[in-house]
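Student: File name my_file34.cif; file contents mmCIF, C-alpha atoms; full text below.
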data_upload
#
loop_
_atom_site.label_atom_id
_atom_site.label_comp_id
_atom_site.auth_asym_id
_atom_site.auth_seq_id
_atom_site.Cartn_x
_atom_site.Cartn_y
_atom_site.Cartn_z
CA GLY F 1 47.50 -5.97 13.81
CA GLY F 2 47.39 -3.05 11.42
CA SER F 3 44.84 -1.97 8.86
CA PRO F 4 43.74 -4.36 6.09
CA SER F 5 45.41 -3.88 2.74
CA ALA F 6 43.59 -2.48 -0.27
CA GLU F 7 43.74 -5.94 -1.85
CA ALA F 8 42.06 -7.50 1.20
CA ILE F 9 39.31 -4.88 1.16
CA ASP F 10 38.71 -5.45 -2.56
CA TYR F 11 38.47 -9.19 -1.92
CA VAL F 12 35.65 -8.91 0.64
CA THR F 13 33.73 -5.98 -0.86
CA GLY F 14 32.22 -5.20 -4.23
CA ARG F 15 29.18 -3.94 -6.08
CA ASN F 16 26.27 -6.33 -6.53
CA LEU F 17 24.62 -5.04 -9.71
CA ASN F 18 21.68 -6.82 -11.37
CA THR F 19 19.67 -5.36 -14.27
CA PHE F 20 16.00 -6.15 -14.98
CA PHE F 21 14.09 -5.70 -18.24
CA ILE F 22 10.28 -5.53 -18.05
CA LYS F 23 8.14 -5.42 -21.19
CA GLN F 24 4.40 -5.19 -21.82
CA THR F 25 2.56 -5.57 -25.13
CA SER F 26 -1.18 -4.90 -25.22
CA ALA F 27 -4.14 -4.60 -27.54
CA ALA F 28 -7.63 -3.43 -26.61
CA VAL F 29 -11.02 -2.69 -28.11
CA ASN F 30 -13.66 -0.62 -26.28
CA PHE F 31 -17.19 0.55 -27.07
CA GLN F 32 -19.31 2.97 -25.04
CA GLY F 33 -22.41 5.08 -25.49
CA PRO F 34 -25.98 5.82 -24.42
CA LEU F 35 -28.73 3.19 -24.60
CA PHE F 36 -31.95 4.99 -23.57
CA SER F 37 -33.14 7.52 -21.00
CA ILE F 38 -35.21 7.25 -17.83
CA THR F 39 -34.33 10.77 -16.66
CA SER F 40 -32.68 13.66 -18.45
CA ASP F 41 -29.38 11.73 -18.28
CA PRO F 42 -29.09 8.60 -20.46
CA VAL F 43 -28.39 5.04 -19.36
CA THR F 44 -24.86 4.31 -20.61
CA LEU F 45 -23.06 1.07 -21.37
CA ALA F 46 -19.37 0.36 -21.90
CA VAL F 47 -17.96 -2.98 -23.06
CA GLY F 48 -14.53 -4.06 -24.15
CA ALA F 49 -11.79 -6.64 -24.34
CA GLU F 50 -8.03 -6.53 -23.82
CA TRP F 51 -5.03 -8.76 -24.38
CA ARG F 52 -1.67 -8.23 -22.69
CA ARG F 53 1.66 -10.01 -22.64
CA GLU F 54 4.02 -9.20 -19.78
CA SER F 55 7.59 -10.41 -19.57
CA ILE F 56 10.62 -9.97 -17.35
CA ARG F 57 14.25 -11.00 -17.64
CA SER F 58 17.37 -10.17 -15.71
CA ARG F 59 21.06 -9.72 -16.32
CA ASN F 60 23.05 -10.87 -13.31
CA ASN F 61 26.64 -10.41 -12.23
CA GLU F 62 28.92 -13.44 -12.07
CA LEU F 63 29.38 -13.31 -8.29
CA SER F 64 25.61 -13.51 -7.75
CA LEU F 65 25.35 -16.47 -10.11
CA ALA F 66 28.10 -18.21 -8.14
CA ASN F 67 26.39 -17.44 -4.78
CA ALA F 68 29.58 -15.63 -3.72
CA TRP F 69 27.84 -12.94 -1.68
CA TYR F 70 26.74 -13.57 1.88
CA ALA F 71 23.24 -12.38 0.89
CA GLY F 72 21.51 -10.97 -2.16
CA ASN F 73 22.69 -13.52 -4.74
CA GLN F 74 20.09 -12.77 -7.42
CA GLN F 75 19.61 -15.72 -9.75
CA PRO F 76 18.33 -15.45 -13.36
CA LEU F 77 14.77 -14.16 -13.59
CA ASN F 78 13.03 -14.95 -16.85
CA GLY F 79 9.33 -15.38 -17.44
CA ALA F 80 6.27 -14.19 -19.34
CA ARG F 81 2.51 -14.52 -19.15
CA GLU F 82 -0.54 -13.64 -21.22
CA ILE F 83 -3.66 -11.99 -19.83
CA LYS F 84 -7.08 -11.87 -21.52
CA GLU F 85 -9.95 -9.72 -20.25
CA VAL F 86 -13.52 -8.84 -21.17
CA TYR F 87 -15.67 -6.36 -19.27
CA ALA F 88 -18.99 -4.51 -19.19
CA GLU F 89 -20.00 -1.41 -17.20
CA LEU F 90 -23.51 0.03 -16.82
CA ASN F 91 -24.64 3.36 -15.35
CA VAL F 92 -28.37 3.86 -14.73
CA PRO F 93 -29.80 7.25 -13.65
CA LEU F 94 -33.17 6.25 -12.14
CA LEU F 95 -34.56 9.45 -10.63
CA ALA F 96 -33.81 13.16 -10.90
CA ASP F 97 -35.37 16.37 -9.59
CA VAL F 98 -38.33 14.76 -7.82
CA PRO F 99 -39.36 15.04 -4.14
CA LEU F 100 -36.86 13.23 -1.87
CA ALA F 101 -34.75 12.28 -4.88
CA GLN F 102 -32.75 15.04 -6.46
CA LYS F 103 -30.66 12.19 -7.85
CA LEU F 104 -30.69 8.40 -7.68
CA GLU F 105 -28.14 6.57 -9.79
CA LEU F 106 -27.14 2.90 -9.89
CA ASN F 107 -23.94 1.57 -11.41
CA GLY F 108 -22.43 -1.85 -11.93
CA ALA F 109 -19.54 -3.57 -13.64
CA VAL F 110 -18.25 -7.08 -14.27
CA ARG F 111 -14.89 -8.25 -15.60
CA ARG F 112 -13.62 -11.70 -16.50
CA THR F 113 -9.85 -12.09 -16.50
CA ASP F 114 -7.84 -15.10 -17.59
CA TYR F 115 -4.26 -15.22 -16.31
CA GLN F 116 -1.84 -17.68 -17.81
CA TYR F 117 -0.54 -19.85 -14.93
CA SER F 118 -2.91 -18.28 -12.35
CA GLY F 119 -6.25 -19.19 -13.95
CA SER F 120 -9.46 -17.23 -14.49
CA VAL F 121 -11.24 -14.96 -12.05
CA THR F 122 -14.39 -12.80 -12.13
CA THR F 123 -14.51 -9.38 -10.49
CA TRP F 124 -17.54 -7.14 -10.13
CA LYS F 125 -18.97 -4.11 -8.39
CA ALA F 126 -22.42 -2.67 -7.67
CA GLY F 127 -22.95 0.83 -6.36
CA PHE F 128 -25.35 3.72 -5.91
CA ILE F 129 -25.46 7.50 -5.50
CA TYR F 130 -28.50 9.02 -3.77
CA GLU F 131 -29.19 12.72 -3.18
CA PRO F 132 -32.49 13.14 -1.31
CA ILE F 133 -32.09 16.96 -1.15
CA ASP F 134 -29.59 19.51 -2.39
CA GLY F 135 -26.38 19.39 -0.40
CA LEU F 136 -26.77 15.83 0.94
CA ARG F 137 -25.42 12.79 -0.88
CA PHE F 138 -25.18 9.13 0.10
CA ARG F 139 -22.96 6.67 -1.77
CA GLY F 140 -22.01 3.03 -1.48
CA THR F 141 -20.27 0.21 -3.30
CA ARG F 142 -20.06 -3.54 -2.90
CA SER F 143 -17.34 -5.20 -4.93
CA ARG F 144 -15.13 -8.22 -5.47
CA ASP F 145 -11.56 -7.25 -6.29
CA ILE F 146 -8.30 -9.06 -6.98
CA ARG F 147 -4.55 -8.66 -6.94
CA ALA F 148 -2.75 -10.99 -9.31
CA PRO F 149 0.75 -12.25 -8.46
CA THR F 150 3.56 -10.18 -9.91
CA LEU F 151 6.06 -11.52 -12.44
CA ASN F 152 8.70 -11.62 -9.73
CA GLU F 153 6.42 -13.58 -7.37
CA LEU F 154 5.76 -16.08 -10.17
CA PHE F 155 9.09 -16.52 -11.89
CA SER F 156 11.95 -15.54 -9.57
CA GLN F 157 14.62 -18.25 -9.58
CA GLY F 158 15.77 -17.13 -6.21
CA ILE F 159 18.01 -14.93 -4.12
CA ALA F 160 20.41 -17.01 -2.02
CA GLN F 161 21.46 -16.21 1.54
CA ARG F 162 22.32 -17.85 4.85
CA ALA F 163 20.03 -17.88 7.89
CA GLY F 164 20.35 -19.06 11.45
CA VAL F 165 17.50 -21.37 12.57
CA VAL F 166 16.59 -23.99 15.14
CA ASN F 167 15.63 -27.39 13.71
CA PRO F 168 12.37 -28.18 15.58
CA PHE F 169 12.74 -31.91 14.83
CA ASN F 170 15.92 -32.27 16.90
CA GLY F 171 16.37 -28.93 18.70
CA VAL F 172 19.76 -28.30 17.07
CA SER F 173 20.70 -24.74 16.05
CA GLY F 174 22.64 -24.01 12.91
CA THR F 175 22.94 -22.05 9.67
CA VAL F 176 21.05 -23.15 6.58
CA ASN F 177 21.14 -22.14 2.91
CA VAL F 178 17.95 -20.24 1.99
CA VAL F 179 16.78 -19.45 -1.52
CA ASN F 180 13.94 -16.91 -1.78
CA ALA F 181 12.23 -17.94 -5.02
CA GLY F 182 8.98 -17.47 -6.92
CA ASN F 183 6.00 -19.78 -7.16
CA SER F 184 4.24 -20.28 -10.53
CA ALA F 185 1.30 -21.95 -8.74
CA LEU F 186 0.17 -18.68 -7.13
CA VAL F 187 -3.39 -17.50 -7.84
CA PRO F 188 -4.88 -13.99 -7.46
CA GLU F 189 -5.76 -12.64 -4.04
CA ILE F 190 -9.52 -12.07 -3.73
CA ALA F 191 -11.06 -9.23 -1.73
CA ASN F 192 -14.66 -8.56 -0.75
CA THR F 193 -15.07 -4.81 -0.28
CA LEU F 194 -17.89 -2.74 1.19
CA THR F 195 -17.85 1.06 1.24
CA ALA F 196 -20.57 3.46 2.35
CA GLY F 197 -20.39 7.20 2.79
CA VAL F 198 -22.12 10.55 3.08
CA VAL F 199 -21.23 13.97 1.64
CA VAL F 200 -22.64 17.21 3.08
CA GLN F 201 -22.47 20.60 1.33
CA PRO F 202 -24.58 22.96 3.49
CA ALA F 203 -26.32 25.76 1.63
CA PHE F 204 -25.82 28.19 4.54
CA LEU F 205 -22.02 28.04 4.12
CA PRO F 206 -21.04 27.94 0.43
CA GLY F 207 -17.60 26.47 -0.20
CA LEU F 208 -17.80 23.92 2.63
CA GLN F 209 -17.87 20.18 1.93
CA ILE F 210 -17.66 17.42 4.55
CA SER F 211 -17.56 13.67 3.87
CA ALA F 212 -17.16 10.42 5.77
CA ASP F 213 -16.67 7.01 4.15
CA TYR F 214 -16.75 3.67 5.93
CA TYR F 215 -14.83 0.74 4.47
CA ASP F 216 -14.67 -2.97 5.28
CA ILE F 217 -12.29 -5.14 3.25
CA LYS F 218 -11.69 -8.88 3.65
CA VAL F 219 -8.95 -10.51 1.58
CA LYS F 220 -8.38 -14.24 1.29
CA GLY F 221 -5.43 -16.01 -0.26
CA VAL F 222 -3.05 -13.15 0.53
CA ILE F 223 0.32 -13.83 -1.08
CA ALA F 224 2.87 -13.98 1.69
CA GLY F 225 6.44 -15.03 2.29
CA PHE F 226 7.67 -16.60 5.48
CA THR F 227 10.83 -16.68 7.51
CA PRO F 228 12.92 -19.86 7.37
CA GLN F 229 11.97 -20.56 10.98
CA GLN F 230 8.25 -20.25 10.18
CA ILE F 231 8.65 -22.72 7.31
CA LEU F 232 10.33 -25.21 9.65
CA SER F 233 7.56 -24.71 12.23
CA GLY F 234 4.91 -25.26 9.56
CA CYS F 235 6.51 -28.54 8.51
CA PHE F 236 6.81 -29.55 12.16
CA ASP F 237 3.04 -28.97 12.39
CA ASP F 238 2.64 -31.40 9.47
CA ILE F 239 1.72 -28.84 6.77
CA GLN F 240 2.95 -30.46 3.56
CA GLN F 241 3.56 -27.31 1.48
CA TYR F 242 6.18 -26.23 4.02
CA CYS F 243 7.81 -29.64 4.18
CA ASP F 244 8.14 -29.54 0.38
CA ALA F 245 10.33 -26.45 0.78
CA ILE F 246 12.90 -28.16 3.02
CA THR F 247 15.83 -30.40 2.10
CA PHE F 248 16.81 -32.60 5.02
CA ASP F 249 20.16 -34.41 5.33
CA ASN F 250 21.92 -36.86 7.65
CA SER F 251 24.13 -34.28 9.40
CA THR F 252 23.89 -33.49 13.08
CA PHE F 253 22.00 -30.31 12.18
CA GLY F 254 19.68 -32.27 9.87
CA LEU F 255 19.07 -29.49 7.31
CA SER F 256 20.85 -28.41 4.14
CA ASN F 257 18.48 -26.10 2.20
CA ILE F 258 15.21 -24.20 2.46
CA THR F 259 13.44 -22.86 -0.62
CA ASN F 260 11.34 -19.94 0.56
CA ARG F 261 8.46 -19.49 -1.89
CA PRO F 262 5.41 -17.25 -1.45
CA PHE F 263 2.06 -18.97 -0.90
CA ASN F 264 -1.61 -17.92 -0.98
CA ALA F 265 -1.56 -18.51 2.75
CA ASN F 266 -2.64 -15.43 4.68
CA GLY F 267 -5.86 -13.57 5.31
CA LEU F 268 -6.46 -9.86 5.86
CA HIS F 269 -9.41 -7.96 7.32
CA THR F 270 -9.39 -4.19 7.66
CA ARG F 271 -12.08 -1.64 8.40
CA GLY F 272 -12.26 2.02 9.30
CA ILE F 273 -13.54 5.44 8.32
CA ASP F 274 -12.01 8.12 6.07
CA PHE F 275 -12.95 11.73 6.83
CA GLU F 276 -12.50 14.79 4.64
CA ALA F 277 -13.46 18.46 5.05
CA MET F 278 -12.81 21.31 2.61
CA TYR F 279 -13.58 24.99 2.79
CA SER F 280 -12.58 27.78 0.44
CA THR F 281 -13.64 31.41 0.52
CA SER F 282 -12.65 34.86 -0.65
CA LEU F 283 -11.58 37.34 2.03
CA ASP F 284 -13.29 40.28 0.34
CA GLY F 285 -16.03 40.16 2.94
CA ILE F 286 -13.63 41.17 5.72
CA GLY F 287 -11.77 43.70 3.64
CA LEU F 288 -8.67 41.59 2.92
CA PRO F 289 -7.24 40.59 -0.45
CA GLY F 290 -6.90 37.03 -1.65
CA ARG F 291 -8.50 33.70 -0.87
CA ILE F 292 -8.06 31.13 1.88
CA SER F 293 -8.55 27.38 1.51
CA VAL F 294 -8.52 24.73 4.22
CA ARG F 295 -8.56 20.96 3.69
CA GLY F 296 -8.49 18.31 6.38
CA LEU F 297 -8.07 14.57 5.96
CA ALA F 298 -8.26 11.97 8.71
CA THR F 299 -8.42 8.19 8.82
CA TRP F 300 -9.50 5.97 11.69
CA VAL F 301 -8.38 2.36 11.32
CA ASP F 302 -10.49 0.17 13.59
CA LYS F 303 -8.99 -3.13 12.44
CA LEU F 304 -6.01 -4.32 10.40
CA GLU F 305 -6.10 -8.01 11.19
CA THR F 306 -3.74 -10.52 9.60
CA THR F 307 -4.26 -14.26 9.80
CA ALA F 308 -0.97 -16.06 9.25
CA LEU F 309 0.87 -19.24 10.13
CA ASN F 310 1.94 -17.87 13.51
CA GLY F 311 -1.51 -16.67 14.56
CA VAL F 312 -3.97 -13.80 14.21
CA PHE F 313 -2.69 -10.30 14.93
CA ASP F 314 -4.35 -6.88 14.72
CA TYR F 315 -1.89 -4.28 13.41
CA ALA F 316 -4.17 -1.25 13.82
CA GLY F 317 -2.27 1.16 16.03
CA VAL F 318 1.04 -0.66 15.53
CA ALA F 319 4.31 0.71 14.10
CA GLN F 320 5.83 -2.62 13.07
CA ASN F 321 3.95 -3.91 9.98
CA GLY F 322 0.94 -1.73 10.78
CA VAL F 323 -0.52 1.77 10.82
CA PRO F 324 -1.56 4.24 13.54
CA SER F 325 -5.20 4.05 14.61
CA TRP F 326 -5.55 7.74 13.71
CA THR F 327 -3.72 9.74 11.06
CA TYR F 328 -4.55 13.28 10.00
CA ASN F 329 -3.40 16.01 7.64
CA VAL F 330 -4.63 19.62 7.72
CA ASP F 331 -3.63 22.04 4.92
CA MET F 332 -4.26 25.79 4.92
CA THR F 333 -3.39 27.89 1.87
CA TYR F 334 -3.58 31.66 1.48
CA GLU F 335 -3.49 32.86 -2.13
CA VAL F 336 -3.11 36.49 -3.10
CA GLY F 337 -2.15 37.74 -6.54
CA ASP F 338 0.49 35.46 -8.06
CA GLY F 339 1.74 34.08 -4.75
CA ALA F 340 0.59 31.62 -2.12
CA ILE F 341 1.76 30.44 1.28
CA ASN F 342 0.84 27.07 2.75
CA ALA F 343 0.91 25.58 6.25
CA ARG F 344 0.34 21.90 6.88
CA VAL F 345 -0.01 19.95 10.12
CA ARG F 346 0.34 16.18 9.77
CA GLY F 347 0.27 13.70 12.59
CA PHE F 348 -0.89 10.44 14.08
CA SER F 349 -1.92 8.81 17.32
CA GLY F 350 0.37 6.82 19.60
CA VAL F 351 1.31 3.32 18.46
CA LEU F 352 2.50 0.01 19.80
CA PHE F 353 5.95 -1.05 18.66
CA ASP F 354 5.04 -4.66 17.84
CA ALA F 355 1.65 -6.44 17.95
CA THR F 356 3.30 -9.75 18.86
CA LEU F 357 4.96 -8.33 22.00
CA ILE F 358 3.52 -7.53 25.44
CA GLY F 359 4.54 -4.44 27.41
CA PRO F 360 3.89 -3.31 31.01
CA ASP F 361 0.70 -1.51 29.89
CA ASP F 362 -0.90 -4.82 28.80
CA PRO F 363 -3.03 -6.64 31.41
CA ASP F 364 -1.38 -10.00 30.60
CA TYR F 365 2.16 -8.65 30.95
CA SER F 366 4.71 -10.70 32.83
CA PRO F 367 8.50 -10.26 32.60
CA THR F 368 8.81 -14.06 32.54
CA LEU F 369 6.99 -14.37 29.20
CA PRO F 370 9.25 -14.84 26.15
CA ASN F 371 7.38 -12.10 24.23
CA SER F 372 7.57 -9.51 27.01
CA ILE F 373 9.25 -6.14 26.46
CA ASN F 374 9.94 -3.34 28.92
CA ASP F 375 8.27 -0.67 26.71
CA ASN F 376 5.98 -1.52 23.77
CA THR F 377 4.58 1.98 23.16
CA PHE F 378 5.61 4.94 21.01
CA PRO F 379 4.06 8.41 21.47
CA ALA F 380 1.86 10.43 19.10
CA ARG F 381 3.52 13.05 16.91
CA ALA F 382 2.50 16.13 14.94
CA TYR F 383 4.68 17.90 12.35
CA LEU F 384 4.45 21.41 10.90
CA ASP F 385 5.39 22.06 7.26
CA LEU F 386 5.50 25.45 5.52
CA GLY F 387 5.56 26.28 1.83
CA PHE F 388 5.66 29.21 -0.58
CA ARG F 389 5.08 29.49 -4.34
CA TYR F 390 5.06 32.39 -6.78
CA ASN F 391 4.12 32.68 -10.45
CA VAL F 392 6.89 34.70 -12.05
CA ALA F 393 5.61 37.67 -14.06
CA GLY F 394 2.07 36.42 -13.51
CA ASP F 395 2.69 33.34 -15.62
CA GLU F 396 1.45 30.14 -13.93
CA ASN F 397 3.61 28.12 -16.35
CA PHE F 398 6.77 29.48 -14.67
CA GLN F 399 6.66 29.04 -10.91
CA ILE F 400 9.23 29.17 -8.13
CA PHE F 401 8.70 27.41 -4.81
CA PHE F 402 10.29 26.82 -1.41
CA ASN F 403 9.23 24.33 1.29
CA ILE F 404 10.31 23.54 4.83
CA ASP F 405 9.22 20.15 6.21
CA ASN F 406 9.20 19.43 9.95
CA VAL F 407 9.79 23.10 10.78
CA LEU F 408 10.18 22.45 14.51
CA ASN F 409 12.72 19.65 13.87
CA SER F 410 10.75 17.16 15.98
CA ASP F 411 12.85 14.07 16.71
CA PRO F 412 11.47 10.51 16.66
CA PRO F 413 11.45 8.57 19.92
CA GLN F 414 14.42 6.38 20.71
CA PHE F 415 14.45 3.06 18.80
CA ALA F 416 11.65 4.19 16.42
CA ALA F 417 13.94 3.60 13.43
CA ILE F 418 13.89 -0.14 14.18
CA ALA F 419 10.45 -0.38 12.58
CA ILE F 420 11.35 1.44 9.37
CA ASN F 421 12.06 -1.69 7.32
CA SER F 422 8.55 -2.99 7.98
CA GLY F 423 6.96 -0.18 5.97
CA GLY F 424 4.74 0.85 8.86
CA ASN F 425 6.92 3.44 10.58
CA PRO F 426 4.96 6.73 10.81
CA TYR F 427 7.76 8.88 12.27
CA ASP F 428 9.78 11.56 10.49
CA LEU F 429 13.30 10.14 10.74
CA ILE F 430 14.99 12.93 8.76
CA GLY F 431 14.20 16.06 10.76
CA ARG F 432 13.93 19.57 9.37
CA SER F 433 14.47 19.61 5.61
CA PHE F 434 14.40 22.26 2.89
CA ARG F 435 13.37 22.05 -0.76
CA GLY F 436 13.32 24.77 -3.36
CA GLY F 437 13.24 25.12 -7.11
CA PHE F 438 11.18 26.14 -10.08
CA ARG F 439 8.59 24.51 -12.31
CA VAL F 440 8.22 25.22 -16.00
CA LYS F 441 5.31 24.00 -18.17
CA PHE F 442 5.61 23.91 -21.94
CA GLY F 443 3.00 23.62 -24.63
CA HIS F 444 0.33 25.89 -23.13
#
Could the structure of this file be written out as structure tokens, please?
Tutor:
Amino acid sequence: GGSPSAEAIDYVTGRNLNTFFIKQTSAAVNFQGPLFSITSDPVTLAVGAEWRRESIRSRNNELSLANAWYAGNQQPLNGAREIKEVYAELNVPLLADVPLAQKLELNGAVRRTDYQYSGSVTTWKAGFIYEPIDGLRFRGTRSRDIRAPTLNELFSQGIAQRAGVVNPFNGVSGTVNVVNAGNSALVPEIANTLTAGVVVQPAFLPGLQISADYYDIKVKGVIAGFTPQQILSGCFDDIQQYCDAITFDNSTFGLSNITNRPFNANGLHTRGIDFEAMYSTSLDGIGLPGRISVRGLATWVDKLETTALNGVFDYAGVAQNGVPSWTYNVDMTYEVGDGAINARVRGFSGVLFDATLIGPDDPDYSPTLPNSINDNTFPARAYLDLGFRYNVAGDENFQIFFNIDNVLNSDPPQFAAIAINSGGNPYDLIGRSFRGGFRVKFGH
């Protein structure tokens, strides 16, 4: 009985401090200028080349190096890579100020990038802007894009921890050593992107602009990490890259170590529409001082589909690892003299807790299923924020401000905080908060 001694507490607690040093050296040459003219605006070309060297190294504490912590034992991280790039961009105004073509402009770009370790890849884009009449604009882009692996994903020597798993080869449960490490064989993720949109600025209401942009993005070779249990399941399904990550032994449990490295293993497909509306006008016409501005943003996510080792899941409208199907943000600002007040409403539609679970609202729900849950839904929320700013003595370089977020102190639903570590939690978990201060700009 009794409380633990100070010596005992010191023995089982401590500070796990690791320091990282990241360095980039680069050199570039770029040329740009007009070539010739088809309309009043010239055809322009830009070309260039760049070289970069990126490096990372870490300084680790002795306890981490000795794997003394239960989790978070950062091992030495040292690595560097060189990147070489060449590119060309072309902008071609084809038509201007003619019937049914106030503006028609084509643009394109191509870039060749050579990554040390990850190989070479070509990215490109082709797009257009078309204005048939004043106040109506169409735009679109088709592109191939990449995301190269980070230095940590390539060179990490690992973070050691323990994990409880079930060995699928013998059904025995136990705890295994897991090292989350990098993988120098990773290659860039490749995305095929399509965007198309329209912008309307009606002449009968100056100051109003409305736009809608559709997007469809498919990514292959998504760099992903897996849980130790997923790695064991992958090996059990005879996928060699997962078996290579496992060290088997002759114990009853049958496992001693798992090296958890990221792979170019997943796929991603997302599509939706982004909406924006802006309106700004002086209030002189109704006999009031100042100016009012309103801006609204909304996004509809139709699909956020991930293809992974454990199946295909759509995370549109999901809190855990996903996003709400609808999100919106409406700002209204009233400016008069040197001051301004702002009101903002931000919110989102209702979400599922987890795309891999089935709740009573699903047609296939059964309490006997292993992935059933008694409630898999979270409600929609809207939050009100208020703000104030004032330019002291009429000087915009010296400004004071005060903001209140979540004015009504709206609480999240019970258990909503469970999803916060996934990065997809849309709820305000803090409640009403206040911020105030001043901003000073120098050199003007």
Student: How many Å separate atom CA of Phe275 of chain F from atom CA of Phe401 of chain F?
Tutor: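 It comes out at 29.2 Å.
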Student: With distances taken over all atoms listed in the file, which residue among F:Phe248, F:Tyr242, F:Tyr215, F:Tyr11 lies nearest Trp69 of chain F?
Tutor: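 Nearest to Trp69 of chain F: F:Tyr11.
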Student: Would you mind reading off the distance between atom CA of Phe415 of chain F and atom CA of Leu384 of chain F, one decimal, in Å?
Tutor: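 These atoms are spaced 22.3 Å apart.
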Student: In terms of the shortest atom-to-atom distance over all atoms listed in the file, which of F:Ser280, F:Thr19, F:Ser58, F:Gln102 is closest to Glu131 of chain F?
Tutor: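 That would be F:Gln102, the residue with the smallest distance to Glu131 of chain F.
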Student: Find the spatial neighbours of Met278 of chain F, counting all atoms listed in the file, within a cut-off of 8 Å - ignore same-chain residues fewer than 6 positions away - and output them as a VMD selection string.
Tutor: chain F and resid 207 to 210 293 to 296
